[in-house]
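**Student:** model-v6.cif is reproduced in full below (mmCIF, C-alpha atoms and all ligand atoms).
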```
data_run
#
loop_
_atom_site.label_atom_id
_atom_site.label_comp_id
_atom_site.auth_asym_id
_atom_site.auth_seq_id
_atom_site.Cartn_x
_atom_site.Cartn_y
_atom_site.Cartn_z
CA MET A 160 -22.60 -10.69 -55.36
CA ASN A 161 -24.63 -13.70 -56.43
CA SER A 162 -22.95 -17.04 -56.97
CA LYS A 163 -23.99 -17.20 -60.62
CA LEU A 164 -22.09 -13.98 -61.37
CA GLU A 165 -19.17 -15.15 -59.26
CA ASN A 166 -19.01 -18.45 -61.15
CA LEU A 167 -19.09 -16.61 -64.46
CA VAL A 168 -16.10 -14.48 -63.45
CA TRP A 169 -14.09 -17.53 -62.33
CA ARG A 170 -14.97 -19.53 -65.45
CA ARG A 171 -14.34 -16.67 -67.86
CA ALA A 172 -10.89 -16.09 -66.34
CA GLN A 173 -10.09 -19.81 -66.36
CA ARG A 174 -9.11 -19.47 -62.67
CA ILE A 175 -6.15 -17.23 -63.55
CA CYS A 176 -5.54 -13.69 -62.32
CA GLU A 177 -6.53 -11.44 -65.21
CA TYR A 178 -3.71 -9.02 -64.40
CA CYS A 179 -0.62 -11.06 -63.46
CA ARG A 180 -1.78 -14.46 -64.80
CA MET A 181 -1.13 -16.34 -61.56
CA PRO A 182 -3.22 -19.53 -61.46
CA ALA A 183 -5.50 -19.53 -58.38
CA GLU A 184 -4.45 -23.01 -57.27
CA TYR A 185 -0.81 -22.03 -56.87
CA ASP A 186 -1.15 -18.70 -55.10
CA GLU A 187 -0.76 -18.42 -51.36
CA LEU A 188 -3.83 -16.26 -50.81
CA PRO A 189 -7.43 -16.58 -52.00
CA PHE A 190 -8.38 -14.80 -55.22
CA GLN A 191 -10.90 -11.97 -55.24
CA ILE A 192 -13.35 -10.49 -57.64
CA ASP A 193 -12.15 -7.09 -58.75
CA HIS A 194 -14.35 -4.22 -59.83
CA VAL A 195 -12.39 -2.98 -62.87
CA LEU A 196 -13.88 0.45 -62.28
CA ALA A 197 -14.08 0.62 -58.48
CA ARG A 198 -17.45 1.07 -56.81
CA LYS A 199 -16.32 4.41 -55.42
CA HIS A 200 -16.03 5.67 -59.00
CA GLY A 201 -19.48 4.37 -59.88
CA GLY A 202 -18.37 0.95 -61.10
CA GLN A 203 -21.19 -1.57 -61.06
CA THR A 204 -21.29 -5.19 -59.96
CA VAL A 205 -21.98 -6.52 -63.45
CA ALA A 206 -20.07 -9.06 -65.55
CA ARG A 207 -18.58 -6.41 -67.83
CA ASN A 208 -17.03 -4.58 -64.87
CA LEU A 209 -15.67 -7.60 -63.00
CA ALA A 210 -12.38 -9.43 -63.27
CA LEU A 211 -10.73 -12.26 -61.39
CA ALA A 212 -7.69 -10.99 -59.52
CA CYS A 213 -5.18 -12.51 -57.16
CA PHE A 214 -5.05 -11.04 -53.68
CA SER A 215 -1.83 -9.11 -54.44
CA CYS A 216 -3.07 -7.51 -57.65
CA ASN A 217 -6.44 -6.65 -56.15
CA SER A 218 -5.09 -5.16 -52.95
CA HIS A 219 -2.44 -3.06 -54.70
CA LYS A 220 -4.96 -1.92 -57.29
CA GLY A 221 -7.47 -0.83 -54.67
CA PRO A 222 -9.72 1.88 -56.13
CA ASN A 223 -6.96 3.11 -58.51
CA ILE A 224 -7.96 3.73 -62.09
CA ALA A 225 -4.72 5.29 -63.34
CA GLY A 226 -0.99 5.20 -62.82
CA ARG A 227 2.25 6.75 -64.01
CA ASP A 228 4.10 5.31 -66.99
CA SER A 229 7.67 4.80 -65.82
CA LYS A 230 9.00 5.53 -69.31
CA THR A 231 7.26 8.79 -70.15
CA GLY A 232 6.03 10.00 -66.75
CA ARG A 233 2.54 10.35 -68.21
CA ILE A 234 -0.52 9.47 -66.15
CA VAL A 235 -2.50 6.81 -67.99
CA ARG A 236 -5.46 4.58 -67.21
CA LEU A 237 -4.88 1.06 -65.92
CA PHE A 238 -5.26 -2.11 -67.96
CA ASN A 239 -8.90 -3.15 -68.32
CA PRO A 240 -9.22 -6.94 -68.64
CA ARG A 241 -12.70 -6.55 -70.14
CA ARG A 242 -11.73 -4.33 -73.03
CA ASP A 243 -7.97 -4.64 -73.51
CA SER A 244 -5.91 -7.49 -74.92
CA TRP A 245 -3.41 -8.73 -72.31
CA ALA A 246 -0.81 -9.65 -74.93
CA GLU A 247 -0.94 -6.16 -76.38
CA HIS A 248 0.13 -4.59 -73.09
CA PHE A 249 2.30 -7.20 -71.35
CA HIS A 250 5.10 -9.56 -72.14
CA TRP A 251 6.89 -12.12 -69.96
CA GLU A 252 10.62 -12.02 -69.59
CA GLY A 253 10.90 -15.22 -67.59
CA ALA A 254 9.18 -14.54 -64.25
CA TRP A 255 9.45 -10.79 -64.84
CA LEU A 256 6.48 -9.00 -66.38
CA ALA A 257 7.37 -6.24 -68.84
CA GLY A 258 4.98 -3.54 -70.03
CA LEU A 259 4.76 -3.14 -73.79
CA THR A 260 2.68 0.03 -73.56
CA ALA A 261 2.22 2.97 -71.21
CA ILE A 262 -0.92 1.23 -69.86
CA GLY A 263 1.02 -1.99 -69.31
CA ARG A 264 3.88 -0.25 -67.50
CA ALA A 265 1.57 1.83 -65.30
CA THR A 266 -0.48 -1.25 -64.39
CA ILE A 267 2.61 -3.28 -63.44
CA ALA A 268 3.77 -0.38 -61.23
CA VAL A 269 0.45 0.25 -59.44
CA LEU A 270 -0.30 -3.46 -58.95
CA GLU A 271 3.35 -4.11 -57.99
CA ILE A 272 3.36 -7.22 -60.13
CA ASN A 273 7.16 -7.51 -60.09
CA LEU A 274 7.63 -7.31 -56.31
CA SER A 275 10.47 -9.68 -55.54
CA HIS A 276 8.42 -12.22 -53.57
CA ARG A 277 5.89 -12.39 -56.39
CA ALA A 278 8.55 -12.87 -59.09
CA THR A 279 10.27 -15.45 -56.87
CA LEU A 280 7.06 -17.45 -56.54
CA ARG A 281 6.53 -17.32 -60.32
CA GLN A 282 10.13 -18.40 -60.91
CA ALA A 283 9.69 -21.39 -58.58
CA LEU A 284 6.45 -22.37 -60.36
CA ILE A 285 8.13 -22.05 -63.76
CA GLU A 286 10.93 -24.33 -62.59
CA GLU A 287 8.41 -26.84 -61.22
CA GLY A 288 6.45 -26.72 -64.48
CA PHE A 289 3.29 -25.19 -62.99
CA PHE A 290 3.44 -21.75 -64.53
CA HIS A 291 3.81 -21.31 -68.27
CA PRO A 292 4.27 -17.65 -69.07
CA ALA A 293 4.28 -18.24 -72.81
CA ILE A 294 0.85 -19.88 -72.84
CA THR A 295 -1.96 -17.44 -73.34
CA PRO A 296 -5.37 -18.53 -72.07
CA LYS A 297 -8.07 -17.92 -74.67
CA SER A 298 -10.13 -15.72 -72.38
CA VAL A 299 -7.42 -13.14 -71.97
CA SER A 300 -5.90 -13.18 -75.43
CA VAL A 301 -8.98 -12.13 -77.34
CA LYS A 302 -7.70 -10.65 -80.55
CA ARG A 303 -9.62 -7.68 -81.78
CA ARG A 304 -10.50 -7.75 -85.42
CA GLN A 305 -8.26 -5.47 -87.38
CA PRO A 306 -10.13 -3.13 -89.72
CA LYS A 307 -9.42 -4.07 -93.33
ZN ZN B 1 -2.50 -11.02 -60.00
#
```
Write the structure described by the file as structure tokens, please.
Ligand SMILES: [Zn+2]
**Tutor:**
Amino acid sequence: MNSKLENLVWRRAQRICEYCRMPAEYDELPFQIDHVLARKHGGQTVARNLALACFSCNSHKGPNIAGRDSKTGRIVRLFNPRRDSWAEHFHWEGAWLAGLTAIGRATIAVLEINLSHRATLRQALIEEGFFHPAITPKSVSVKRRQPK
């Protein structure tokens, strides 16, 4: 991947994981560039198929494109940071991430976003004032225009 594309992904995401919202500077492991649609499924290395992901989200996601909604048992696609609005699918309950939709719940489960060590780290950062779950970075809260 060329550095220009890499820089674009980092800048667009404002150095925050586009799935769990962890800021890169406070995570223990280096962030990675995720292929939203994995290469093994034909996903290309182009800006519209790339997202910034923390090591935990990216490694749990792997080549997965779908997961099971814990509420309905249905298999649904995963959250796509390039086409979905984060706030439509997820909601913070303190350091705990809740899914508002089937896609949100399935994504949290596959990416194991609420693993206890991850929630504990977020809780510590909240208490230290470094993680602000209520603040939505512009790049990930793009509101779609509602049809009139
Ligand atoms: Zn993450």
**Student:** Mind giving me the axis-aligned box for stretch 250-262 of chain A with 6 Å on every side, centre plus edges in Å to one decimal, as JSON?
**Tutor:**
```
{"center_x": 5.0, "center_y": -6.1, "center_z": -69.0, "size_x": 23.8, "size_y": 30.2, "size_z": 21.5}
```
**Student:** Counting only C-alpha atoms and all ligand atoms, which protein, DNA or RNA residues come within 12 Å of ligand ZN 1 (chain B), given as a short mmCIF file (atom, residue, chain, number, x, y, z; two decimals) with C-alpha atoms, in the frame of the given file?
**Tutor:**
```cif
data_model
loop_
_atom_site.label_atom_id
_atom_site.label_comp_id
_atom_site.auth_asym_id
_atom_site.auth_seq_id
_atom_site.Cartn_x
_atom_site.Cartn_y
_atom_site.Cartn_z
CA ALA A 172 -10.89 -16.09 -66.34
CA ARG A 174 -9.11 -19.47 -62.67
CA ILE A 175 -6.15 -17.23 -63.55
CA CYS A 176 -5.54 -13.69 -62.32
CA GLU A 177 -6.53 -11.44 -65.21
CA TYR A 178 -3.71 -9.02 -64.40
CA CYS A 179 -0.62 -11.06 -63.46
CA ARG A 180 -1.78 -14.46 -64.80
CA MET A 181 -1.13 -16.34 -61.56
CA PRO A 182 -3.22 -19.53 -61.46
CA ALA A 183 -5.50 -19.53 -58.38
CA TYR A 185 -0.81 -22.03 -56.87
CA ASP A 186 -1.15 -18.70 -55.10
CA GLU A 187 -0.76 -18.42 -51.36
CA LEU A 188 -3.83 -16.26 -50.81
CA PRO A 189 -7.43 -16.58 -52.00
CA PHE A 190 -8.38 -14.80 -55.22
CA GLN A 191 -10.90 -11.97 -55.24
CA ILE A 192 -13.35 -10.49 -57.64
CA ASP A 193 -12.15 -7.09 -58.75
CA ALA A 210 -12.38 -9.43 -63.27
CA LEU A 211 -10.73 -12.26 -61.39
CA ALA A 212 -7.69 -10.99 -59.52
CA CYS A 213 -5.18 -12.51 -57.16
CA PHE A 214 -5.05 -11.04 -53.68
CA SER A 215 -1.83 -9.11 -54.44
CA CYS A 216 -3.07 -7.51 -57.65
CA ASN A 217 -6.44 -6.65 -56.15
CA SER A 218 -5.09 -5.16 -52.95
CA HIS A 219 -2.44 -3.06 -54.70
CA LYS A 220 -4.96 -1.92 -57.29
CA PRO A 240 -9.22 -6.94 -68.64
CA LEU A 256 6.48 -9.00 -66.38
CA THR A 266 -0.48 -1.25 -64.39
CA ILE A 267 2.61 -3.28 -63.44
CA VAL A 269 0.45 0.25 -59.44
CA LEU A 270 -0.30 -3.46 -58.95
CA GLU A 271 3.35 -4.11 -57.99
CA ILE A 272 3.36 -7.22 -60.13
CA ASN A 273 7.16 -7.51 -60.09
CA LEU A 274 7.63 -7.31 -56.31
CA ARG A 277 5.89 -12.39 -56.39
CA ALA A 278 8.55 -12.87 -59.09
CA ARG A 281 6.53 -17.32 -60.32
#
```
**Student:** Between A:Arg241, A:Ile262, A:Arg171, A:Leu196, which one has atoms that come closest to A:Gly226, using all atoms listed in the file?
**Tutor:**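 Counting all atoms listed in the file, the residue closest to A:Gly226 is A:Ile262.
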**Student:** Nearest residue to A:His291 out of A:Leu209, A:Ile224, A:Leu259, A:Ala254, using all atoms listed in the file?
**Tutor:**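 Smallest distance to A:His291 is found for A:Ala254.
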**Student:** With 12 Å as the threshold, what does the neighbourhood of (-15.9, 3.3, -58.2) contain in terms of residues, counting all atoms listed in the file? Coordinates are those of the file; answer as a PyMOL selection string.
**Tutor:** chain A and resi 193-204+208-209+221-224
**Student:** What lies within 8 Å of A:Val235 using all atoms listed in the file, ignoring chain neighbours under 6 positions off, as a VMD selection string?
**Tutor:** chain A and resid 225 to 228 261 to 262 265
**Student:** Using Å and a single decimal, report how far atom CA of A:Glu165 sits from atom CA of A:Trp251.
**Tutor:** 28.3 Å
**Student:** Rounded to one decimal in Å, what is the spacing between atom CA of A:Thr231 and atom CA of A:Ser244?
**Tutor:**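 Spanning atom CA of A:Thr231 to atom CA of A:Ser244 is a straight-line distance of 21.5 Å.
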**Student:** At what distance in Å, to one decimal, does atom CA of A:Leu164 lie from atom CA of A:Val205?
**Tutor:** 7.7 Å
**Student:** Using only C-alpha atoms, pick whichever of A:Phe289, A:Trp169, A:Phe249, A:Trp255 has the shortest atom-to-atom distance to A:Ala206.
**Tutor:**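 Nearest candidate to A:Ala206 out of A:Phe289, A:Trp169, A:Phe249, A:Trp255: A:Trp169.
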**Student:** Nearest to A:Leu237: which of A:Glu252, A:Ala268, A:Arg207, A:Ala257 is it, counting only C-alpha atoms?
**Tutor:** A:Ala268
**Student:** Can you fill out stretch 206-232 of chain A with N, CA, C and O atoms and hand it back as a PDB file, in the coordinates of the input?
**Tutor:**
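To be explicit, this is the file written out as rebuild_4.pdb:
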```pdb
ATOM      1  N   ALA A 206     -21.128  -8.245 -64.918  1.00  0.00           N
ATOM      2  CA  ALA A 206     -20.070  -9.060 -65.550  1.00  0.00           C
ATOM      3  C   ALA A 206     -19.052  -8.208 -66.309  1.00  0.00           C
ATOM      4  O   ALA A 206     -17.853  -8.459 -66.234  1.00  0.00           O
ATOM      5  N   ARG A 207     -19.511  -7.186 -67.007  1.00  0.00           N
ATOM      6  CA  ARG A 207     -18.580  -6.410 -67.830  1.00  0.00           C
ATOM      7  C   ARG A 207     -17.667  -5.488 -67.024  1.00  0.00           C
ATOM      8  O   ARG A 207     -16.776  -4.860 -67.582  1.00  0.00           O
ATOM      9  N   ASN A 208     -17.907  -5.395 -65.711  1.00  0.00           N
ATOM     10  CA  ASN A 208     -17.030  -4.580 -64.870  1.00  0.00           C
ATOM     11  C   ASN A 208     -16.279  -5.424 -63.834  1.00  0.00           C
ATOM     12  O   ASN A 208     -15.689  -4.901 -62.903  1.00  0.00           O
ATOM     13  N   LEU A 209     -16.316  -6.737 -63.992  1.00  0.00           N
ATOM     14  CA  LEU A 209     -15.670  -7.600 -63.000  1.00  0.00           C
ATOM     15  C   LEU A 209     -14.519  -8.373 -63.631  1.00  0.00           C
ATOM     16  O   LEU A 209     -14.542  -8.693 -64.818  1.00  0.00           O
ATOM     17  N   ALA A 210     -13.524  -8.638 -62.814  1.00  0.00           N
ATOM     18  CA  ALA A 210     -12.380  -9.430 -63.270  1.00  0.00           C
ATOM     19  C   ALA A 210     -11.917 -10.280 -62.102  1.00  0.00           C
ATOM     20  O   ALA A 210     -12.072  -9.901 -60.938  1.00  0.00           O
ATOM     21  N   LEU A 211     -11.318 -11.417 -62.425  1.00  0.00           N
ATOM     22  CA  LEU A 211     -10.730 -12.260 -61.390  1.00  0.00           C
ATOM     23  C   LEU A 211      -9.318 -11.748 -61.121  1.00  0.00           C
ATOM     24  O   LEU A 211      -8.545 -11.532 -62.052  1.00  0.00           O
ATOM     25  N   ALA A 212      -9.012 -11.510 -59.861  1.00  0.00           N
ATOM     26  CA  ALA A 212      -7.690 -10.990 -59.520  1.00  0.00           C
ATOM     27  C   ALA A 212      -7.127 -11.731 -58.318  1.00  0.00           C
ATOM     28  O   ALA A 212      -7.865 -12.107 -57.398  1.00  0.00           O
ATOM     29  N   CYS A 213      -5.817 -11.913 -58.342  1.00  0.00           N
ATOM     30  CA  CYS A 213      -5.180 -12.510 -57.160  1.00  0.00           C
ATOM     31  C   CYS A 213      -5.225 -11.470 -56.041  1.00  0.00           C
ATOM     32  O   CYS A 213      -5.452 -10.280 -56.279  1.00  0.00           O
ATOM     33  N   PHE A 214      -4.989 -11.929 -54.833  1.00  0.00           N
ATOM     34  CA  PHE A 214      -5.050 -11.040 -53.680  1.00  0.00           C
ATOM     35  C   PHE A 214      -4.077  -9.871 -53.834  1.00  0.00           C
ATOM     36  O   PHE A 214      -4.410  -8.715 -53.562  1.00  0.00           O
ATOM     37  N   SER A 215      -2.856 -10.167 -54.304  1.00  0.00           N
ATOM     38  CA  SER A 215      -1.830  -9.110 -54.440  1.00  0.00           C
ATOM     39  C   SER A 215      -2.249  -8.052 -55.449  1.00  0.00           C
ATOM     40  O   SER A 215      -2.171  -6.860 -55.162  1.00  0.00           O
ATOM     41  N   CYS A 216      -2.661  -8.489 -56.631  1.00  0.00           N
ATOM     42  CA  CYS A 216      -3.070  -7.510 -57.650  1.00  0.00           C
ATOM     43  C   CYS A 216      -4.252  -6.692 -57.143  1.00  0.00           C
ATOM     44  O   CYS A 216      -4.268  -5.468 -57.259  1.00  0.00           O
ATOM     45  N   ASN A 217      -5.237  -7.357 -56.567  1.00  0.00           N
ATOM     46  CA  ASN A 217      -6.440  -6.650 -56.150  1.00  0.00           C
ATOM     47  C   ASN A 217      -6.147  -5.666 -55.013  1.00  0.00           C
ATOM     48  O   ASN A 217      -6.654  -4.545 -55.012  1.00  0.00           O
ATOM     49  N   SER A 218      -5.319  -6.074 -54.065  1.00  0.00           N
ATOM     50  CA  SER A 218      -5.090  -5.160 -52.950  1.00  0.00           C
ATOM     51  C   SER A 218      -4.185  -3.994 -53.340  1.00  0.00           C
ATOM     52  O   SER A 218      -4.382  -2.885 -52.861  1.00  0.00           O
ATOM     53  N   HIS A 219      -3.240  -4.199 -54.244  1.00  0.00           N
ATOM     54  CA  HIS A 219      -2.440  -3.060 -54.700  1.00  0.00           C
ATOM     55  C   HIS A 219      -3.239  -2.145 -55.623  1.00  0.00           C
ATOM     56  O   HIS A 219      -3.028  -0.945 -55.646  1.00  0.00           O
ATOM     57  N   LYS A 220      -4.138  -2.731 -56.371  1.00  0.00           N
ATOM     58  CA  LYS A 220      -4.960  -1.920 -57.290  1.00  0.00           C
ATOM     59  C   LYS A 220      -5.892  -1.026 -56.492  1.00  0.00           C
ATOM     60  O   LYS A 220      -6.021   0.160 -56.795  1.00  0.00           O
ATOM     61  N   GLY A 221      -6.536  -1.609 -55.461  1.00  0.00           N
ATOM     62  CA  GLY A 221      -7.470  -0.830 -54.670  1.00  0.00           C
ATOM     63  C   GLY A 221      -8.455  -0.100 -55.574  1.00  0.00           C
ATOM     64  O   GLY A 221      -8.892  -0.664 -56.563  1.00  0.00           O
ATOM     65  N   PRO A 222      -8.791   1.145 -55.270  1.00  0.00           N
ATOM     66  CA  PRO A 222      -9.720   1.880 -56.130  1.00  0.00           C
ATOM     67  C   PRO A 222      -9.010   2.635 -57.264  1.00  0.00           C
ATOM     68  O   PRO A 222      -9.622   3.447 -57.951  1.00  0.00           O
ATOM     69  N   ASN A 223      -7.698   2.374 -57.462  1.00  0.00           N
ATOM     70  CA  ASN A 223      -6.960   3.110 -58.510  1.00  0.00           C
ATOM     71  C   ASN A 223      -7.537   2.849 -59.886  1.00  0.00           C
ATOM     72  O   ASN A 223      -7.925   1.727 -60.207  1.00  0.00           O
ATOM     73  N   ILE A 224      -7.531   3.888 -60.702  1.00  0.00           N
ATOM     74  CA  ILE A 224      -7.960   3.730 -62.090  1.00  0.00           C
ATOM     75  C   ILE A 224      -6.865   4.191 -63.052  1.00  0.00           C
ATOM     76  O   ILE A 224      -6.976   4.040 -64.252  1.00  0.00           O
ATOM     77  N   ALA A 225      -5.796   4.759 -62.498  1.00  0.00           N
ATOM     78  CA  ALA A 225      -4.720   5.290 -63.340  1.00  0.00           C
ATOM     79  C   ALA A 225      -3.390   5.117 -62.630  1.00  0.00           C
ATOM     80  O   ALA A 225      -3.340   4.844 -61.429  1.00  0.00           O
ATOM     81  N   GLY A 226      -2.322   5.279 -63.398  1.00  0.00           N
ATOM     82  CA  GLY A 226      -0.990   5.200 -62.820  1.00  0.00           C
ATOM     83  C   GLY A 226      -0.016   5.960 -63.703  1.00  0.00           C
ATOM     84  O   GLY A 226      -0.389   6.492 -64.754  1.00  0.00           O
ATOM     85  N   ARG A 227       1.235   6.009 -63.259  1.00  0.00           N
ATOM     86  CA  ARG A 227       2.250   6.750 -64.010  1.00  0.00           C
ATOM     87  C   ARG A 227       3.084   5.769 -64.847  1.00  0.00           C
ATOM     88  O   ARG A 227       3.569   4.765 -64.334  1.00  0.00           O
ATOM     89  N   ASP A 228       3.244   6.096 -66.110  1.00  0.00           N
ATOM     90  CA  ASP A 228       4.100   5.310 -66.990  1.00  0.00           C
ATOM     91  C   ASP A 228       5.554   5.625 -66.648  1.00  0.00           C
ATOM     92  O   ASP A 228       5.986   6.774 -66.762  1.00  0.00           O
ATOM     93  N   SER A 229       6.283   4.600 -66.242  1.00  0.00           N
ATOM     94  CA  SER A 229       7.670   4.800 -65.820  1.00  0.00           C
ATOM     95  C   SER A 229       8.552   5.347 -66.948  1.00  0.00           C
ATOM     96  O   SER A 229       9.579   5.978 -66.701  1.00  0.00           O
ATOM     97  N   LYS A 230       8.168   5.114 -68.180  1.00  0.00           N
ATOM     98  CA  LYS A 230       9.000   5.530 -69.310  1.00  0.00           C
ATOM     99  C   LYS A 230       8.798   6.992 -69.683  1.00  0.00           C
ATOM    100  O   LYS A 230       9.751   7.702 -69.960  1.00  0.00           O
ATOM    101  N   THR A 231       7.551   7.437 -69.675  1.00  0.00           N
ATOM    102  CA  THR A 231       7.260   8.790 -70.150  1.00  0.00           C
ATOM    103  C   THR A 231       6.845   9.733 -69.024  1.00  0.00           C
ATOM    104  O   THR A 231       6.808  10.943 -69.215  1.00  0.00           O
ATOM    105  N   GLY A 232       6.500   9.172 -67.860  1.00  0.00           N
ATOM    106  CA  GLY A 232       6.030  10.000 -66.750  1.00  0.00           C
ATOM    107  C   GLY A 232       4.568  10.401 -66.893  1.00  0.00           C
ATOM    108  O   GLY A 232       4.013  11.046 -66.009  1.00  0.00           O
TER     109      GLY A 232
END
```
